[in-house]
Structures are given as structure tokens and as C-alpha cells.
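Visitor: One file: target_32.csv (CSV, N, CA and C atoms).
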```csv
chain,number,residue,atom,x,y,z
A,1286,MET,N,129.3,120.4,94.4
A,1286,MET,CA,129.3,119.9,93.0
A,1286,MET,C,128.3,118.7,92.9
A,1287,PRO,N,127.3,118.8,92.1
A,1287,PRO,CA,126.4,117.6,92.0
A,1287,PRO,C,127.0,116.4,91.4
A,1288,ASN,N,126.6,115.3,91.9
A,1288,ASN,CA,127.1,114.0,91.3
A,1288,ASN,C,126.3,113.7,90.0
A,1289,GLU,N,127.1,113.4,89.0
A,1289,GLU,CA,126.5,113.0,87.8
A,1289,GLU,C,126.3,111.5,87.7
A,1290,PRO,N,125.1,111.0,87.2
A,1290,PRO,CA,124.9,109.5,87.2
A,1290,PRO,C,125.9,108.9,86.2
A,1291,ALA,N,126.4,107.7,86.5
A,1291,ALA,CA,127.3,107.0,85.7
A,1291,ALA,C,126.6,106.6,84.4
A,1292,SER,N,127.3,106.7,83.3
A,1292,SER,CA,126.8,106.3,82.0
A,1292,SER,C,126.7,104.8,81.9
A,1293,ILE,N,125.5,104.4,81.7
A,1293,ILE,CA,125.2,102.9,81.5
A,1293,ILE,C,125.0,102.6,80.1
A,1294,PRO,N,125.9,101.7,79.5
A,1294,PRO,CA,125.7,101.4,78.1
A,1294,PRO,C,124.3,100.8,77.8
A,1295,ARG,N,123.7,101.2,76.8
A,1295,ARG,CA,122.4,100.6,76.4
A,1295,ARG,C,122.6,99.9,75.0
A,1296,GLU,N,121.6,99.1,74.7
A,1296,GLU,CA,121.6,98.3,73.5
A,1296,GLU,C,121.6,99.2,72.3
A,1297,THR,N,121.0,100.5,72.5
A,1297,THR,CA,120.9,101.4,71.4
A,1297,THR,C,122.1,102.3,71.2
A,1298,ASP,N,123.1,102.1,72.0
A,1298,ASP,CA,124.3,102.9,71.9
A,1298,ASP,C,125.0,102.6,70.6
A,1299,THR,N,125.8,103.6,70.2
A,1299,THR,CA,126.6,103.4,69.0
A,1299,THR,C,127.7,102.4,69.2
A,1300,PRO,N,127.8,101.4,68.3
A,1300,PRO,CA,128.8,100.4,68.5
A,1300,PRO,C,130.2,101.0,68.5
A,1301,GLU,N,131.1,100.3,69.2
A,1301,GLU,CA,132.5,100.8,69.2
A,1301,GLU,C,133.2,100.4,67.9
A,1302,VAL,N,132.8,99.3,67.3
A,1302,VAL,CA,133.4,98.8,66.1
A,1302,VAL,C,132.3,98.5,65.1
A,1303,SER,N,132.5,99.0,63.8
A,1303,SER,CA,131.6,98.6,62.7
A,1303,SER,C,132.4,97.8,61.7
A,1304,VAL,N,132.0,96.6,61.4
A,1304,VAL,CA,132.7,95.8,60.4
A,1304,VAL,C,131.9,95.9,59.1
A,1305,VAL,N,132.5,96.4,58.1
A,1305,VAL,CA,131.8,96.6,56.8
A,1305,VAL,C,132.2,95.4,55.9
A,1306,VAL,N,131.3,94.7,55.3
A,1306,VAL,CA,131.5,93.6,54.5
A,1306,VAL,C,130.9,93.8,53.1
A,1307,PRO,N,131.7,94.3,52.1
A,1307,PRO,CA,131.2,94.5,50.8
A,1307,PRO,C,131.0,93.1,50.1
A,1308,MET,N,129.9,93.0,49.4
A,1308,MET,CA,129.6,91.7,48.8
A,1308,MET,C,129.2,91.9,47.4
A,1309,TYR,N,129.7,91.0,46.5
A,1309,TYR,CA,129.3,90.9,45.1
A,1309,TYR,C,129.6,89.5,44.7
A,1310,ARG,N,128.5,88.8,44.3
A,1310,ARG,CA,128.6,87.4,43.9
A,1310,ARG,C,129.2,86.5,44.9
A,1311,GLU,N,128.7,86.6,46.1
A,1311,GLU,CA,129.3,85.9,47.3
A,1311,GLU,C,128.4,84.8,47.8
A,1312,ALA,N,127.4,84.4,47.0
A,1312,ALA,CA,126.4,83.4,47.5
A,1312,ALA,C,127.1,82.1,47.9
A,1313,ASP,N,128.1,81.7,47.2
A,1313,ASP,CA,128.8,80.4,47.5
A,1313,ASP,C,129.6,80.4,48.7
A,1314,ARG,N,130.0,81.6,49.2
A,1314,ARG,CA,131.0,81.6,50.4
A,1314,ARG,C,130.6,82.5,51.5
A,1315,ILE,N,129.6,83.3,51.4
A,1315,ILE,CA,129.3,84.3,52.4
A,1315,ILE,C,128.7,83.7,53.7
A,1316,ASP,N,128.0,82.6,53.6
A,1316,ASP,CA,127.3,82.0,54.8
A,1316,ASP,C,128.4,81.7,55.8
A,1317,ALA,N,129.4,80.9,55.5
A,1317,ALA,CA,130.4,80.5,56.4
A,1317,ALA,C,131.2,81.7,57.0
A,1318,THR,N,131.5,82.6,56.1
A,1318,THR,CA,132.3,83.8,56.5
A,1318,THR,C,131.5,84.6,57.5
A,1319,LEU,N,130.2,84.8,57.2
A,1319,LEU,CA,129.4,85.6,58.1
A,1319,LEU,C,129.1,85.0,59.4
A,1320,ARG,N,128.8,83.7,59.4
A,1320,ARG,CA,128.6,82.9,60.7
A,1320,ARG,C,129.8,83.0,61.6
A,1321,ASP,N,131.0,82.9,61.0
A,1321,ASP,CA,132.3,82.9,61.8
A,1321,ASP,C,132.4,84.3,62.3
A,1322,LEU,N,132.2,85.4,61.5
A,1322,LEU,CA,132.3,86.7,62.0
A,1322,LEU,C,131.3,87.0,63.1
A,1323,ILE,N,130.1,86.6,63.0
A,1323,ILE,CA,129.1,86.8,64.0
A,1323,ILE,C,129.5,86.1,65.3
A,1324,LYS,N,130.1,84.9,65.2
A,1324,LYS,CA,130.5,84.2,66.4
A,1324,LYS,C,131.6,84.9,67.1
A,1325,GLN,N,132.6,85.4,66.3
A,1325,GLN,CA,133.8,86.1,66.9
A,1325,GLN,C,133.3,87.4,67.6
A,1326,LEU,N,132.5,88.2,66.9
A,1326,LEU,CA,132.0,89.5,67.5
A,1326,LEU,C,131.1,89.3,68.7
A,1327,SER,N,130.4,88.2,68.7
A,1327,SER,CA,129.5,87.9,69.8
A,1327,SER,C,130.3,87.6,71.1
A,1328,LEU,N,131.5,87.3,71.0
A,1328,LEU,CA,132.4,86.9,72.1
A,1328,LEU,C,133.4,88.1,72.5
A,1329,ALA,N,133.4,89.1,71.7
A,1329,ALA,CA,134.4,90.2,71.8
A,1329,ALA,C,134.1,91.0,73.1
A,1330,ASP,N,135.1,91.8,73.5
A,1330,ASP,CA,135.0,92.6,74.7
A,1330,ASP,C,134.6,94.0,74.4
A,1331,HIS,N,134.1,94.3,73.2
A,1331,HIS,CA,133.6,95.6,72.8
A,1331,HIS,C,132.4,95.5,72.0
A,1332,THR,N,131.5,96.5,72.0
A,1332,THR,CA,130.3,96.4,71.2
A,1332,THR,C,130.6,96.6,69.7
A,1333,SER,N,129.8,96.0,68.9
A,1333,SER,CA,130.1,96.0,67.4
A,1333,SER,C,128.8,95.9,66.6
A,1334,GLU,N,128.9,96.1,65.4
A,1334,GLU,CA,127.9,95.8,64.4
A,1334,GLU,C,128.5,95.3,63.1
A,1335,ILE,N,127.7,94.6,62.3
A,1335,ILE,CA,128.2,94.2,61.0
A,1335,ILE,C,127.3,94.8,60.0
A,1336,VAL,N,127.9,95.5,59.0
A,1336,VAL,CA,127.1,96.2,58.0
A,1336,VAL,C,127.5,95.5,56.7
A,1337,LEU,N,126.6,94.7,56.1
A,1337,LEU,CA,126.8,94.1,54.9
A,1337,LEU,C,126.3,95.0,53.7
A,1338,VAL,N,127.1,95.1,52.7
A,1338,VAL,CA,126.7,96.0,51.6
A,1338,VAL,C,126.7,95.1,50.3
A,1339,ASP,N,125.5,94.8,49.8
A,1339,ASP,CA,125.4,94.1,48.6
A,1339,ASP,C,125.5,95.1,47.4
A,1340,ASP,N,126.5,94.8,46.6
A,1340,ASP,CA,126.8,95.7,45.5
A,1340,ASP,C,126.2,95.3,44.2
A,1341,GLY,N,124.8,95.0,44.2
A,1341,GLY,CA,124.1,94.6,43.0
A,1341,GLY,C,124.3,93.2,42.6
A,1342,SER,N,124.6,92.3,43.5
A,1342,SER,CA,124.9,90.9,43.2
A,1342,SER,C,123.7,90.3,42.3
A,1343,PRO,N,124.1,89.7,41.2
A,1343,PRO,CA,123.0,89.0,40.4
A,1343,PRO,C,122.7,87.6,40.9
A,1344,ASP,N,123.5,87.1,41.9
A,1344,ASP,CA,123.2,85.8,42.4
A,1344,ASP,C,122.4,85.8,43.6
A,1345,ARG,N,122.4,84.8,44.5
A,1345,ARG,CA,121.6,84.7,45.6
A,1345,ARG,C,122.3,85.2,46.9
A,1346,THR,N,123.2,86.1,46.8
A,1346,THR,CA,123.9,86.6,48.0
A,1346,THR,C,123.0,87.1,49.0
A,1347,VAL,N,122.0,88.0,48.7
A,1347,VAL,CA,121.1,88.5,49.6
A,1347,VAL,C,120.3,87.5,50.3
A,1348,ASP,N,119.8,86.5,49.5
A,1348,ASP,CA,119.0,85.4,50.1
A,1348,ASP,C,119.8,84.6,51.1
A,1349,ARG,N,121.1,84.5,50.9
A,1349,ARG,CA,122.0,83.7,51.9
A,1349,ARG,C,122.2,84.5,53.2
A,1350,VAL,N,122.2,85.8,53.1
A,1350,VAL,CA,122.5,86.5,54.4
A,1350,VAL,C,121.2,87.0,55.1
A,1351,SER,N,120.1,87.0,54.4
A,1351,SER,CA,118.9,87.5,55.0
A,1351,SER,C,118.5,86.9,56.3
A,1352,PRO,N,118.6,85.5,56.5
A,1352,PRO,CA,118.2,84.9,57.7
A,1352,PRO,C,119.1,85.3,58.9
A,1353,LEU,N,120.3,85.9,58.6
A,1353,LEU,CA,121.2,86.2,59.7
A,1353,LEU,C,121.2,87.7,60.1
A,1354,LEU,N,120.3,88.5,59.4
A,1354,LEU,CA,120.1,89.9,59.7
A,1354,LEU,C,119.4,90.0,61.0
A,1355,THR,N,119.8,91.0,61.9
A,1355,THR,CA,119.1,91.2,63.2
A,1355,THR,C,119.4,92.5,63.7
A,1356,GLU,N,118.5,93.0,64.4
A,1356,GLU,CA,118.7,94.3,65.2
A,1356,GLU,C,118.6,93.9,66.7
A,1357,THR,N,118.6,92.6,67.0
A,1357,THR,CA,118.5,92.1,68.4
A,1357,THR,C,119.9,91.8,68.8
A,1358,PRO,N,120.4,92.5,69.8
A,1358,PRO,CA,121.8,92.3,70.3
A,1358,PRO,C,122.1,90.8,70.8
A,1359,ASP,N,123.2,90.3,70.4
A,1359,ASP,CA,123.7,89.0,70.9
A,1359,ASP,C,125.0,89.3,71.7
A,1360,GLY,N,124.9,89.6,73.0
A,1360,GLY,CA,126.0,90.1,73.7
A,1360,GLY,C,126.5,91.4,73.2
A,1361,PRO,N,127.8,91.5,72.9
A,1361,PRO,CA,128.3,92.8,72.4
A,1361,PRO,C,128.0,93.1,71.0
A,1362,LEU,N,127.5,92.1,70.2
A,1362,LEU,CA,127.2,92.3,68.8
A,1362,LEU,C,125.8,92.9,68.8
A,1363,LEU,N,125.7,94.2,68.4
A,1363,LEU,CA,124.4,94.9,68.5
A,1363,LEU,C,123.5,94.7,67.3
A,1364,SER,N,124.1,94.5,66.1
A,1364,SER,CA,123.2,94.3,64.9
A,1364,SER,C,124.0,93.7,63.7
A,1365,VAL,N,123.3,93.1,62.8
A,1365,VAL,CA,123.8,92.7,61.5
A,1365,VAL,C,122.8,93.3,60.5
A,1366,ARG,N,123.3,94.3,59.7
A,1366,ARG,CA,122.4,95.0,58.8
A,1366,ARG,C,122.8,94.9,57.4
A,1367,LEU,N,121.9,95.2,56.5
A,1367,LEU,CA,122.2,95.0,55.1
A,1367,LEU,C,121.8,96.3,54.4
A,1368,LEU,N,122.8,96.8,53.6
A,1368,LEU,CA,122.6,97.9,52.6
A,1368,LEU,C,122.7,97.4,51.2
A,1369,ARG,N,121.9,97.9,50.3
A,1369,ARG,CA,121.9,97.3,48.9
A,1369,ARG,C,122.1,98.4,47.9
A,1370,HIS,N,122.9,98.1,46.9
A,1370,HIS,CA,123.0,98.9,45.7
A,1370,HIS,C,122.2,98.2,44.6
A,1371,LYS,N,121.4,98.9,43.8
A,1371,LYS,CA,120.7,98.3,42.7
A,1371,LYS,C,121.6,97.8,41.7
A,1372,HIS,N,122.7,98.5,41.4
A,1372,HIS,CA,123.6,98.1,40.4
A,1372,HIS,C,125.0,98.0,40.9
A,1373,ASN,N,125.8,97.2,40.3
A,1373,ASN,CA,127.2,97.1,40.8
A,1373,ASN,C,127.9,98.4,40.6
A,1374,ARG,N,128.5,98.9,41.7
A,1374,ARG,CA,129.2,100.2,41.7
A,1374,ARG,C,130.6,100.1,42.2
A,1375,GLY,N,131.0,98.8,42.5
A,1375,GLY,CA,132.4,98.6,43.0
A,1375,GLY,C,132.6,98.7,44.5
A,1376,LYS,N,133.6,98.0,44.9
A,1376,LYS,CA,133.9,97.9,46.3
A,1376,LYS,C,134.1,99.3,47.0
A,1377,GLY,N,134.8,100.2,46.3
A,1377,GLY,CA,135.0,101.5,46.8
A,1377,GLY,C,133.7,102.2,47.2
A,1378,ALA,N,132.7,102.1,46.3
A,1378,ALA,CA,131.4,102.7,46.5
A,1378,ALA,C,130.7,102.1,47.8
A,1379,ALA,N,130.8,100.8,48.0
A,1379,ALA,CA,130.3,100.2,49.2
A,1379,ALA,C,130.9,100.7,50.4
A,1380,VAL,N,132.2,100.8,50.5
A,1380,VAL,CA,132.9,101.3,51.6
A,1380,VAL,C,132.6,102.8,51.8
A,1381,HIS,N,132.6,103.5,50.8
A,1381,HIS,CA,132.3,105.0,50.8
A,1381,HIS,C,130.9,105.2,51.4
A,1382,ARG,N,130.0,104.5,50.9
A,1382,ARG,CA,128.6,104.7,51.4
A,1382,ARG,C,128.5,104.4,52.9
A,1383,THR,N,129.1,103.3,53.4
A,1383,THR,CA,129.0,103.0,54.8
A,1383,THR,C,129.8,104.0,55.6
A,1384,GLY,N,130.9,104.6,55.1
A,1384,GLY,CA,131.6,105.6,55.8
A,1384,GLY,C,130.8,106.9,56.0
A,1385,ARG,N,130.1,107.2,54.9
A,1385,ARG,CA,129.3,108.4,55.0
A,1385,ARG,C,128.1,108.2,55.9
A,1386,LEU,N,127.5,107.0,55.9
A,1386,LEU,CA,126.5,106.7,56.8
A,1386,LEU,C,126.9,106.7,58.3
A,1387,ALA,N,128.1,106.1,58.6
A,1387,ALA,CA,128.6,106.1,59.9
A,1387,ALA,C,128.9,107.6,60.4
A,1388,GLY,N,129.4,108.4,59.5
A,1388,GLY,CA,129.7,109.8,59.8
A,1388,GLY,C,128.4,110.5,60.1
A,1389,ALA,N,127.3,110.3,59.4
A,1389,ALA,CA,126.1,110.9,59.6
A,1389,ALA,C,125.5,110.5,61.0
A,1390,LEU,N,125.6,109.2,61.3
A,1390,LEU,CA,125.1,108.7,62.5
A,1390,LEU,C,125.9,109.3,63.7
A,1391,ALA,N,127.2,109.3,63.6
A,1391,ALA,CA,128.0,109.9,64.6
A,1391,ALA,C,127.7,111.3,64.9
A,1392,ALA,N,127.5,112.1,63.8
A,1392,ALA,CA,127.2,113.5,64.0
A,1392,ALA,C,125.8,113.7,64.7
A,1393,HIS,N,124.9,112.7,64.5
A,1393,HIS,CA,123.6,112.8,65.1
A,1393,HIS,C,123.6,112.3,66.5
A,1394,ASP,N,124.6,111.5,66.9
A,1394,ASP,CA,124.7,111.0,68.2
A,1394,ASP,C,125.2,112.1,69.2
A,1395,GLY,N,124.4,112.3,70.2
A,1395,GLY,CA,124.7,113.4,71.2
A,1395,GLY,C,126.1,113.3,71.9
A,1396,ARG,N,126.7,112.1,71.9
A,1396,ARG,CA,128.0,111.9,72.6
A,1396,ARG,C,129.1,112.3,71.7
A,1397,ARG,N,128.9,112.5,70.4
A,1397,ARG,CA,130.0,112.8,69.5
A,1397,ARG,C,129.7,114.0,68.7
A,1398,GLN,N,130.8,114.7,68.3
A,1398,GLN,CA,130.7,115.9,67.5
A,1398,GLN,C,131.2,115.6,66.1
A,1399,ARG,N,130.8,116.4,65.2
A,1399,ARG,CA,131.3,116.2,63.8
A,1399,ARG,C,132.8,116.3,63.8
A,1400,GLY,N,133.4,115.3,63.1
A,1400,GLY,CA,134.9,115.3,63.0
A,1400,GLY,C,135.5,114.4,64.1
A,1401,ASP,N,134.8,114.0,65.1
A,1401,ASP,CA,135.3,113.1,66.1
A,1401,ASP,C,135.5,111.7,65.4
A,1402,ARG,N,136.5,111.0,65.8
A,1402,ARG,CA,136.8,109.6,65.4
A,1402,ARG,C,135.9,108.7,66.2
A,1403,PRO,N,135.3,107.7,65.5
A,1403,PRO,CA,134.4,106.7,66.2
A,1403,PRO,C,135.3,105.9,67.0
```
Would you mind writing the file out in C-alpha cells?

Guide:
Amino acid sequence: MPNEPASIPRETDTPEVSVVVPMYREADRIDATLRDLIKQLSLADHTSEIVLVDDGSPDRTVDRVSPLLTETPDGPLLSVRLLRHKHNRGKGAAVHRTGRLAGALAAHDGRRQRGDRP
């Protein structure tokens, strides 16, 4: 029986945990919240990502989070990404969109099959 090579985690692997942060009119408070979340996830013992969903905020929410967006891993935190809605569609739409996105990515990932839980 041939020996199979051990699976070595790569920076491009699917994160074990995705934290979805719906945002609407959060300019006054998102900076501190996001910095704390980044700090905590950078120290965690599992890989993760943060997915920010701006729900058509009319304030400077996106301007406040833009400097913190990254695709460069910081330890186990693989990325901080932003999805945007042009118009306010409600918190449910933000969560639903990211759930559909995660499902599509998991179905495309060779390690998972459609219907598997992340």
C-alpha cells in the first residue's frame, strides 16, 4: 500500500471559521470592534477569515474598514474581506449572501462535497 503524503495546510486553504460582520451605519464604532476581532483571530488555534458586508451604508463605514482589508495571512487569520450592497437590504440579506458564497466556495473546494458542513 503506497504511503500518501501528509496534508500540509497552505495559506490558500479554506478557513475553518468564517466570521461574518454585517455593517450598516457603523462608521463611529466599527474600527475598534474590527481591530479587536482581528487581534483575537490572529491568536486563535484555528484558521479563520473575516467577511465584512456593507449593507449600503450612507456614512463612512467602508472608508473606516478599508485600511484593515487584507488577503495576507496574519498567523491563523487568513483574510479580512469586504462585500458591498449598493442599497440597504437588511441584515438577513448580508448573512444570506455570505452563506451562499461560502457554500459555493466549499462546493468548489476539492476537499469538500456539496452539502458538507464547513

Visitor: Work out how far atom C of Ser1342 in chain A is from atom N of Arg1369 in chain A, in Å to one decimal.

Guide: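 The value is 11.2 Å.
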
Visitor: Taking only C-alpha atoms into account, which of A:Pro1361, A:Val1302, A:Ser1351, A:Asp1321 comes nearest Asp1339 in chain A?

Guide: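 Closest candidate: A:Ser1351.
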
Visitor: According to DSSP computed on the backbone, where in range 1301-1347 of chain A is there alpha helix (DSSP H)? Give the residues as an MDAnalysis selection string.

Guide: chainID A and resid 1315:1327 1346:1347

Visitor: Report, in Å to a single decimal, how far apart CA of Glu1334 in chain A and atom C of Val1380 in chain A are.

Guide: 15.2 Å

Visitor: Take the point (128.0, 84.1, 51.4) as written in the file and pick out every residue within 8 Å of it, counting only N, CA and C atoms; give the list as a VMD selection string.

Guide: chain A and resid 1310 to 1319 1345 to 1347 1349 to 1350

Visitor: Write out as a list in words the residues lying within 8 Å of Pro1300 in chain A, counting only C-alpha atoms and excluding same-chain residues fewer than 5 positions away.

Guide: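 Residues near the query, excluding close chain neighbours: Thr1332, Ser1333, Glu1334 and Leu1363 of chain A.
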
Visitor: Write a file of the just-selected residues containing N, CA and C atoms, as a PDB file, in the coordinates of the input.

Guide:
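See out_29.pdb below for the written result:
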```pdb
ATOM      1  N   THR A1332     131.500  96.500  72.000  1.00  0.00           N
ATOM      2  CA  THR A1332     130.300  96.400  71.200  1.00  0.00           C
ATOM      3  C   THR A1332     130.600  96.600  69.700  1.00  0.00           C
ATOM      4  N   SER A1333     129.800  96.000  68.900  1.00  0.00           N
ATOM      5  CA  SER A1333     130.100  96.000  67.400  1.00  0.00           C
ATOM      6  C   SER A1333     128.800  95.900  66.600  1.00  0.00           C
ATOM      7  N   GLU A1334     128.900  96.100  65.400  1.00  0.00           N
ATOM      8  CA  GLU A1334     127.900  95.800  64.400  1.00  0.00           C
ATOM      9  C   GLU A1334     128.500  95.300  63.100  1.00  0.00           C
ATOM     10  N   LEU A1363     125.700  94.200  68.400  1.00  0.00           N
ATOM     11  CA  LEU A1363     124.400  94.900  68.500  1.00  0.00           C
ATOM     12  C   LEU A1363     123.500  94.700  67.300  1.00  0.00           C
TER      13      LEU A1363
END
```

Visitor: Could you check how far atom C of Glu1356 in chain A sits from CA of Val1336 in chain A, in Å to one decimal?

Guide: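 Distance between the two atoms: 12.4 Å.
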
Visitor: With distances taken over only C-alpha atoms, which of A:Leu1337, A:Asp1359, A:Leu1354, A:Met1308 is nearest to Asn1373 in chain A?

Guide: A:Met1308

Visitor: Identify which of the residues A:Leu1353, A:His1331, A:Val1338, A:Lys1324 lies closest to Val1306 in chain A, counting all atoms listed in the file when measuring atom-to-atom distances.

Guide: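 Distance minimum relative to Val1306 in chain A lands on A:Val1338.
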
Visitor: Between A:Pro1343, A:Pro1358, A:Pro1352, A:Pro1307, which is the closest to His1372 in chain A once you count only C-alpha atoms?

Guide: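 Ranking A:Pro1343, A:Pro1358, A:Pro1352, A:Pro1307 by distance to His1372 in chain A, first place goes to A:Pro1343.
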
Visitor: Pick out the closest residue to Arg1374 in chain A from this set: A:Ser1303, A:Asp1340, A:Asp1330, A:Arg1320. Count all atoms listed in the file.

Guide: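 Between A:Ser1303, A:Asp1340, A:Asp1330, A:Arg1320, the residue approaching Arg1374 in chain A most closely is A:Asp1340.
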
Visitor: From a DSSP calculation on the backbone, collect every residue of range 1304-1399 of chain A in strand (DSSP E) and output the set as an MDAnalysis selection string.

Guide: chainID A and resid 1304:1308 1333:1340 1362:1370
